[in-house]
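*Asks:* Quick one: the structure is below, questions incoming.
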Amino acid sequence: MNNDLDKVLAEIDAGLDDSVARLCDLIRIPSVSTDPAHAEDCQRAAKWLADELSGLGFDASVRPTERHPMVVGHDRSGTGPHVLFYGHYDVQPADPLELWNSDPFEPTLVKQPDGDTHIVARGASDDKGQLLTFVEACRAWKKVTGKLPIQVSMLFEGEEEISSPSLAPFLEKTADELVADTILVCDTDMWNRDIPAITTMLRGLVGEELEITAGDRDLHSGMFGNAARNALQVMTDVLASVRAPDGSVTLDGFYDGVRELPAEVADQWARLPFDQAGFLSDIGLSVPAGEEGRTVLEQVWARPSYEIHGVIGGFTGEGFKTVIPAKASAKVSFRLVEGQDPEQVRAAFRAHVQSRLPEDCSVRFTPHGGSPATVMPLDSVMLRQALGALADEWGGEAAVAGTGGSIPILGEFKRRLGMDALLVGFARFDNRVHSPNEKYDLSSYHKGIRSWARILAAFAQPA
């Protein structure tokens with residue numbers, strides 16, 4: 001196997017220009033999922049991927065959904081474990097076009113002072129470049145050995161940028177076909193430009209909107225001030241009460257089931273080159289606002305949180321108006337960790353609000369999604385194998401990372417297929433995803449392909 005791997009890595013190096021050319025071909029398809037005008041382009045991108053997989057010997061096809069199609073491919077030429085690789089071919093709109101330095105759908109290779117090259121285009125990083133790192137690793141294995149080291153299936157969707165509305169029903173119908181030992185996702189970041197990362201923890205999410213009503217109309221503060229209830233005051237009092245001065249969340253039962261960070265993970269995070277002060281000073285702050293006694297990494301990766309995103313009420317136009325608002329609305333969210341149930345948190349928040357309403361006020365709630373946290377077991381054999389493969393490629397320990405964000409689709413994979421996810425990404429924090437002049441570093445693309453080739457080989461080894 002090691003001899004084969006050396007040949008595969010050499011093939012990846014020799015074929016890099018062709019790999020980049022294929023990436024550029026895929027990027028040129030403006031597969032913007034949110035815009036109906038690009039529906040045909042999404043179909044083109046799906047067909048392009050299915051054709052590429054078929055050319056590599058996969059049993060691949062384009063599968064229709066209510067909106068944009070899925071691409072499914074299977075290659076059972078290998079033995080041992082079976083993995084499902086997930087990616088998405090849809091991209092964000094390129095607007096505003098005037099802020100791009102080049103055509104967003106014509107990839108531009110821009111040489112950098114450090115010798116690297118940036119592939120600049122919409123979708124270069126999110127997710128076409130990331131997706132193709134895995135496809136190109138499979139291509140090299142097939143060219144050198146005629147087969148893959150393990151069994152591989154692929155699932156590419158075209159609706160990730162619009163919250164994957166077709167994914168759950170598609171998984172429901174194809175669960176038996178897609179179930180595997182683990183799902184691999186390459187839509188995450190490296191720790192820094194020299195240290196790769198496997199994301200093992202993603203926080204869940206609960207979104208909630210509320211509207212509080214006091215009087216039956218807005219009132220003059222001189223005529224009714226003090227005597228009339230102010231909906232905006234009630235709203236701000238209620239929202240503030242959800243967070244204690246020490247940064248903790250005050251909802252009843254909020255921390256039930258929340259566990260402390262495993263010691264081995266805490267030790268590894270302590271070894272990571274992370275500038276806690278710099279993290280905050282870069283955004284004009286200096287004092288961590290989360291739970292006291294927790295590091296910044298703990299606060300954003302491993303602890304649940306509560307945030308207020310917007311409050312509306314009363315007079316907000318130009319000038320000044322002494323009005324007592326009858327209604328006030330707000331949007332809030334909770335980031336969740338392992339052990340927390342989204343619907344229990346939602347219910348606790350609603351009960352908290354209702355318990356603090358004055359008798360002559362009412363509240364109306366509107367849910368805005370909910371998903372549990374996703375955690376990869378740290379004793380997973382495949383996690384250990386992947387970490388070893390990354391260390392071999394990058395010449396040092398890979399980070400076992402968390403992320404403060406949420407990827408709701410991973411909850412769908414867990415619910416529908418019973419599969420844990422292994423998130424190995426090669427993007428960098430400055431890739432400007434969703435922004436003008438999105439880019440993917442050529443070194444990331446190259447070493448990403450090599451990394452996946454090594455991981456496939458590692459998975460083929462006895463546990």
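Chain labels follow the order of the structure tokens: the first chain is A, the next B, and so on; residue numbering restarts at 1 in every chain, and ligands are counted from 1 in their shown order.
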Could you pull the residues within 10 Å of Glu264 (chain A), counting only C-alpha atoms, minus those fewer than 4 positions along the same chain, as an MDAnalysis selection string?
*Replies:* chainID A and resid 268:270 378 400
*Asks:* Using only C-alpha atoms, which protein or nucleic acid residues come within 8 Å of Ser333 (chain A)? Drop anything in the same chain fewer than 6 positions from it, and give the result as a list in words.
*Replies:*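 Neighbouring residues, sequence-local ones excluded: Leu205, Val206, Gly207, Glu208, Tyr306, Glu307, Ile308 and His309 of chain A.
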*Asks:* Go ahead and dump the residues you just picked, N, CA and C atoms, as a PDB file, in the first residue's frame.
*Replies:*
ATOM      1  N   LEU A 205     -28.213  25.056  16.672  1.00  0.00           N
ATOM      2  CA  LEU A 205     -28.788  26.395  16.572  1.00  0.00           C
ATOM      3  C   LEU A 205     -30.289  26.364  16.850  1.00  0.00           C
ATOM      4  N   VAL A 206     -30.755  27.349  17.589  1.00  0.00           N
ATOM      5  CA  VAL A 206     -32.181  27.634  17.746  1.00  0.00           C
ATOM      6  C   VAL A 206     -32.389  29.104  17.415  1.00  0.00           C
ATOM      7  N   GLY A 207     -33.260  29.374  16.453  1.00  0.00           N
ATOM      8  CA  GLY A 207     -33.591  30.750  16.109  1.00  0.00           C
ATOM      9  C   GLY A 207     -35.022  31.058  16.506  1.00  0.00           C
ATOM     10  N   GLU A 208     -35.253  32.248  17.055  1.00  0.00           N
ATOM     11  CA  GLU A 208     -36.583  32.587  17.549  1.00  0.00           C
ATOM     12  C   GLU A 208     -36.839  34.081  17.351  1.00  0.00           C
ATOM     13  N   TYR A 306     -26.090  32.677  23.793  1.00  0.00           N
ATOM     14  CA  TYR A 306     -27.337  33.391  23.498  1.00  0.00           C
ATOM     15  C   TYR A 306     -26.971  34.753  22.929  1.00  0.00           C
ATOM     16  N   GLU A 307     -27.590  35.111  21.814  1.00  0.00           N
ATOM     17  CA  GLU A 307     -27.307  36.409  21.206  1.00  0.00           C
ATOM     18  C   GLU A 307     -28.593  37.077  20.738  1.00  0.00           C
ATOM     19  N   ILE A 308     -28.635  38.399  20.852  1.00  0.00           N
ATOM     20  CA  ILE A 308     -29.733  39.220  20.345  1.00  0.00           C
ATOM     21  C   ILE A 308     -29.296  39.792  18.996  1.00  0.00           C
ATOM     22  N   HIS A 309     -30.101  39.573  17.963  1.00  0.00           N
ATOM     23  CA  HIS A 309     -29.701  39.991  16.616  1.00  0.00           C
ATOM     24  C   HIS A 309     -30.397  41.253  16.131  1.00  0.00           C
TER      25      HIS A 309
END
*Asks:* Neighbours of Val296 (chain A) within 10 Å (only C-alpha atoms; same-chain residues fewer than 5 positions away dropped), as a list in words?
*Replies:*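 Here the answer would be Phe274, Asp275, Gln276, Ala277, Phe279, Leu280, Val287, Pro288, Ala289, Gly290, Glu291, Trp301, Ala302 and Arg303 of chain A.
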*Asks:* Could you pull out all residues of region 148-247 of chain A with a DSSP call of helix (DSSP H, G or I) and give them as a list in words?
*Replies:*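 Result set for region 148-247 of chain A (helix (DSSP H, G or I)): Glu160, Glu161, Ile162, Leu167, Ala168, Pro169, Phe170, Leu171, Glu172, Lys173, Thr174, Ala175, Asp176, Glu177, Leu178, Ser221, Gly222, Met223, Phe224, Ala231, Leu232, Gln233, Val234, Met235, Thr236, Asp237, Val238, Leu239 and Ala240 of chain A.
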*Asks:* Find the nearest atom pair between each residue of region 68-139 of chain A and region 441-446 of chain A for residues within 8 Å, count only C-alpha atoms, give distances in Å to one decimal, sort rows by chain and ascending number, and present the table as JSON lines.
*Replies:*
{"residue": "A:Asp116", "atom": "CA", "partner": "A:Ser443", "partner_atom": "CA", "distance": 6.5}
{"residue": "A:Thr117", "atom": "CA", "partner": "A:Leu442", "partner_atom": "CA", "distance": 5.3}
{"residue": "A:His118", "atom": "CA", "partner": "A:Asp441", "partner_atom": "CA", "distance": 4.6}
{"residue": "A:Ile119", "atom": "CA", "partner": "A:Asp441", "partner_atom": "CA", "distance": 6.2}
{"residue": "A:Gly129", "atom": "CA", "partner": "A:Tyr445", "partner_atom": "CA", "distance": 6.7}
{"residue": "A:Gln130", "atom": "CA", "partner": "A:Tyr445", "partner_atom": "CA", "distance": 7.3}
{"residue": "A:Thr133", "atom": "CA", "partner": "A:Tyr445", "partner_atom": "CA", "distance": 6.2}
*Asks:* Rank A:Val71, A:Ala214, A:Leu456, A:Ala37 by their smallest atom-to-atom distance to Leu9 (chain A), using only C-alpha atoms, and report the top residue only.
*Replies:*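 The closest residue to Leu9 (chain A) is A:Leu456.
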*Asks:* Would you mind listing what lies within 8 Å of Ser166 (chain A) as a list in words, with only C-alpha atoms counted and same-chain residues fewer than 2 positions away left out?
*Replies:* Thr65, Glu66, Arg67, Glu159, Ser164, Ala168, Pro169 and Phe170 of chain A
*Asks:* Can you check which residues of region 232-455 of chain A DSSP gives as strand (DSSP E or B) on the backbone and send them as a ChimeraX atom specification?
*Replies:* /A:243,249,305-313,323-324,327-336,362-371,374-375,399-403,421-425,427,439-441
*Asks:* Counting only C-alpha atoms, figure out which residue out of A:Glu318, A:Asp194, A:Asp246, A:Asp256 gets nearest to Asp341 (chain A).
*Replies:*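 Nearest candidate to Asp341 (chain A) out of A:Glu318, A:Asp194, A:Asp246, A:Asp256: A:Asp256.
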*Asks:* Which residues are close to Met235 (chain A), i.e. within 12 Å by only C-alpha atoms, leaving aside same-chain residues fewer than 2 positions away? Reply as a ChimeraX atom specification.
*Replies:* /A:209-214,229-233,237-242,308,310-314,325-332,353-354,356-358,361-363
*Asks:* Quick one: write out the picked residues with N, CA and C atoms as an mmCIF file, in the first residue's frame?
*Replies:*
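Output contents, as saved in again_18.cif:
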data_model
loop_
_atom_site.group_PDB
_atom_site.id
_atom_site.type_symbol
_atom_site.label_atom_id
_atom_site.label_comp_id
_atom_site.auth_asym_id
_atom_site.auth_seq_id
_atom_site.Cartn_x
_atom_site.Cartn_y
_atom_site.Cartn_z
ATOM 1 N N GLU A 209 -38.062 34.388 16.918
ATOM 2 C CA GLU A 209 -38.509 35.766 16.813
ATOM 3 C C GLU A 209 -39.701 35.946 17.750
ATOM 4 N N LEU A 210 -39.765 37.078 18.426
ATOM 5 C CA LEU A 210 -40.872 37.316 19.334
ATOM 6 C C LEU A 210 -41.396 38.729 19.167
ATOM 7 N N GLU A 211 -42.703 38.873 19.355
ATOM 8 C CA GLU A 211 -43.341 40.185 19.305
ATOM 9 C C GLU A 211 -44.170 40.372 20.564
ATOM 10 N N ILE A 212 -43.878 41.412 21.306
ATOM 11 C CA ILE A 212 -44.605 41.725 22.539
ATOM 12 C C ILE A 212 -45.566 42.878 22.266
ATOM 13 N N THR A 213 -46.794 42.711 22.730
ATOM 14 C CA THR A 213 -47.816 43.749 22.577
ATOM 15 C C THR A 213 -48.262 44.226 23.957
ATOM 16 N N ALA A 214 -48.304 45.547 24.101
ATOM 17 C CA ALA A 214 -48.800 46.137 25.357
ATOM 18 C C ALA A 214 -50.152 46.804 25.076
ATOM 19 N N ARG A 229 -47.981 50.901 29.881
ATOM 20 C CA ARG A 229 -46.866 49.955 29.716
ATOM 21 C C ARG A 229 -46.172 50.210 28.378
ATOM 22 N N ASN A 230 -44.865 50.219 28.382
ATOM 23 C CA ASN A 230 -44.050 50.444 27.179
ATOM 24 C C ASN A 230 -43.549 49.096 26.663
ATOM 25 N N ALA A 231 -44.029 48.673 25.485
ATOM 26 C CA ALA A 231 -43.674 47.344 24.951
ATOM 27 C C ALA A 231 -42.167 47.211 24.729
ATOM 28 N N LEU A 232 -41.537 48.289 24.327
ATOM 29 C CA LEU A 232 -40.097 48.231 24.080
ATOM 30 C C LEU A 232 -39.323 48.057 25.377
ATOM 31 N N GLN A 233 -39.777 48.706 26.436
ATOM 32 C CA GLN A 233 -39.120 48.520 27.734
ATOM 33 C C GLN A 233 -39.292 47.085 28.219
ATOM 34 N N ASP A 237 -36.159 44.509 28.853
ATOM 35 C CA ASP A 237 -36.005 43.892 30.170
ATOM 36 C C ASP A 237 -35.969 42.366 30.054
ATOM 37 N N VAL A 238 -36.891 41.827 29.257
ATOM 38 C CA VAL A 238 -36.966 40.373 29.098
ATOM 39 C C VAL A 238 -35.706 39.845 28.423
ATOM 40 N N LEU A 239 -35.276 40.494 27.344
ATOM 41 C CA LEU A 239 -34.086 40.019 26.629
ATOM 42 C C LEU A 239 -32.842 40.069 27.511
ATOM 43 N N ALA A 240 -32.714 41.137 28.285
ATOM 44 C CA ALA A 240 -31.542 41.268 29.159
ATOM 45 C C ALA A 240 -31.537 40.203 30.251
ATOM 46 N N SER A 241 -32.714 39.760 30.661
ATOM 47 C CA SER A 241 -32.786 38.797 31.771
ATOM 48 C C SER A 241 -32.319 37.400 31.380
ATOM 49 N N VAL A 242 -32.139 37.155 30.086
ATOM 50 C CA VAL A 242 -31.728 35.825 29.636
ATOM 51 C C VAL A 242 -30.230 35.604 29.862
ATOM 52 N N ILE A 308 -28.635 38.399 20.852
ATOM 53 C CA ILE A 308 -29.733 39.220 20.345
ATOM 54 C C ILE A 308 -29.296 39.792 18.996
ATOM 55 N N GLY A 310 -31.522 41.578 16.731
ATOM 56 C CA GLY A 310 -32.212 42.789 16.315
ATOM 57 C C GLY A 310 -33.417 43.053 17.190
ATOM 58 N N VAL A 311 -33.652 44.337 17.466
ATOM 59 C CA VAL A 311 -34.819 44.759 18.240
ATOM 60 C C VAL A 311 -35.465 45.925 17.503
ATOM 61 N N ILE A 312 -36.783 45.842 17.332
ATOM 62 C CA ILE A 312 -37.512 46.890 16.615
ATOM 63 C C ILE A 312 -38.693 47.330 17.469
ATOM 64 N N GLY A 313 -38.897 48.637 17.557
ATOM 65 C CA GLY A 313 -40.058 49.143 18.277
ATOM 66 C C GLY A 313 -40.048 50.649 18.323
ATOM 67 N N GLY A 314 -41.221 51.249 18.388
ATOM 68 C CA GLY A 314 -41.323 52.694 18.518
ATOM 69 C C GLY A 314 -40.918 53.440 17.270
ATOM 70 N N PRO A 325 -44.257 52.912 22.490
ATOM 71 C CA PRO A 325 -44.651 51.890 21.512
ATOM 72 C C PRO A 325 -45.580 50.836 22.107
ATOM 73 N N ALA A 326 -46.584 50.467 21.319
ATOM 74 C CA ALA A 326 -47.508 49.417 21.735
ATOM 75 C C ALA A 326 -46.966 48.040 21.417
ATOM 76 N N LYS A 327 -46.068 47.964 20.439
ATOM 77 C CA LYS A 327 -45.494 46.675 20.036
ATOM 78 C C LYS A 327 -43.982 46.783 19.947
ATOM 79 N N ALA A 328 -43.318 45.676 20.188
ATOM 80 C CA ALA A 328 -41.865 45.574 19.997
ATOM 81 C C ALA A 328 -41.547 44.152 19.554
ATOM 82 N N SER A 329 -40.585 44.017 18.669
ATOM 83 C CA SER A 329 -40.196 42.683 18.198
ATOM 84 C C SER A 329 -38.691 42.519 18.301
ATOM 85 N N ALA A 330 -38.270 41.278 18.347
ATOM 86 C CA ALA A 330 -36.840 40.978 18.459
ATOM 87 C C ALA A 330 -36.544 39.632 17.826
ATOM 88 N N LYS A 331 -35.292 39.462 17.418
ATOM 89 C CA LYS A 331 -34.812 38.196 16.869
ATOM 90 C C LYS A 331 -33.593 37.771 17.681
ATOM 91 N N VAL A 332 -33.629 36.534 18.145
ATOM 92 C CA VAL A 332 -32.544 36.017 18.987
ATOM 93 C C VAL A 332 -32.171 34.614 18.515
ATOM 94 N N VAL A 353 -39.752 33.956 28.845
ATOM 95 C CA VAL A 353 -40.351 35.221 28.412
ATOM 96 C C VAL A 353 -41.739 35.387 29.020
ATOM 97 N N GLN A 354 -42.563 34.344 28.902
ATOM 98 C CA GLN A 354 -43.941 34.456 29.391
ATOM 99 C C GLN A 354 -44.009 34.691 30.896
ATOM 100 N N ARG A 356 -42.123 36.475 32.597
ATOM 101 C CA ARG A 356 -41.693 37.832 32.930
ATOM 102 C C ARG A 356 -42.568 38.908 32.289
ATOM 103 N N LEU A 357 -43.649 38.502 31.626
ATOM 104 C CA LEU A 357 -44.540 39.479 31.022
ATOM 105 C C LEU A 357 -45.493 40.069 32.063
ATOM 106 N N PRO A 358 -45.677 41.383 32.071
ATOM 107 C CA PRO A 358 -46.718 41.970 32.912
ATOM 108 C C PRO A 358 -48.092 41.438 32.498
ATOM 109 N N CYS A 361 -49.727 42.434 29.054
ATOM 110 C CA CYS A 361 -48.941 42.259 27.829
ATOM 111 C C CYS A 361 -49.116 40.841 27.288
ATOM 112 N N SER A 362 -48.937 40.706 26.000
ATOM 113 C CA SER A 362 -48.990 39.395 25.358
ATOM 114 C C SER A 362 -47.779 39.231 24.455
ATOM 115 N N VAL A 363 -47.481 37.986 24.072
ATOM 116 C CA VAL A 363 -46.319 37.715 23.227
ATOM 117 C C VAL A 363 -46.693 36.706 22.157
#
*Asks:* Excluding Lys143 (chain A) and its own-chain neighbours fewer than 3 positions away, which residues fall within 9 Å of it when counting only C-alpha atoms? Please give them as a PyMOL selection string.
*Replies:* chain A and resi 8+11+56+138-140+146-147
*Asks:* Here is a test: counting only C-alpha atoms, which residue of A:Ser305, A:Gln385, A:Ser286, A:Thr188 is nearest to Ala244 (chain A)?
*Replies:*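 Closest to Ala244 (chain A) of all the choices is A:Ser305.
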*Asks:* Which residue, A:Leu155, A:Ile409, A:Val433, A:Leu26, has the smallest gap to Ala60 (chain A) when you use only C-alpha atoms?
*Replies:*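 The shortest atom-to-atom distance to Ala60 (chain A) comes from A:Leu155.
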*Asks:* What is the CA of His434 (chain A) to CA of Pro104 (chain A) distance in Å?
*Replies:*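 Between these atoms lies a distance of 11.5 Å.
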*Asks:* For Glu136 (chain A), which residue among A:Gly448, A:Pro462, A:Gly370, A:Gly284 is the nearest when counting only C-alpha atoms?
*Replies:* A:Gly448
*Asks:* Determine the nearest neighbour of Leu417 (chain A) from the options A:Val179, A:Phe134, A:Ser163, A:Gln43, counting only C-alpha atoms.
*Replies:*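 So, comparing all the options, the nearest one is A:Val179.
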*Asks:* Can you list, as a list in words, every protein, DNA or RNA residue that comes within 12 Å of His38 (chain A) when you count only C-alpha atoms, leaving out same-chain residues fewer than 6 positions away?
*Replies:*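 These residues fall inside the cut-off: Ile29, Pro30, Ser31, Val32, Arg44, Ala45, Arg67, His68, Asp90, Val91, Gln92, Pro93 and Gly158 of chain A.
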*Asks:* What is the CA of Asp187 (chain A) to CA of Arg454 (chain A) distance in Å?
*Replies:*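 Pair CA of Asp187 (chain A) / CA of Arg454 (chain A) returns 18.4 Å.
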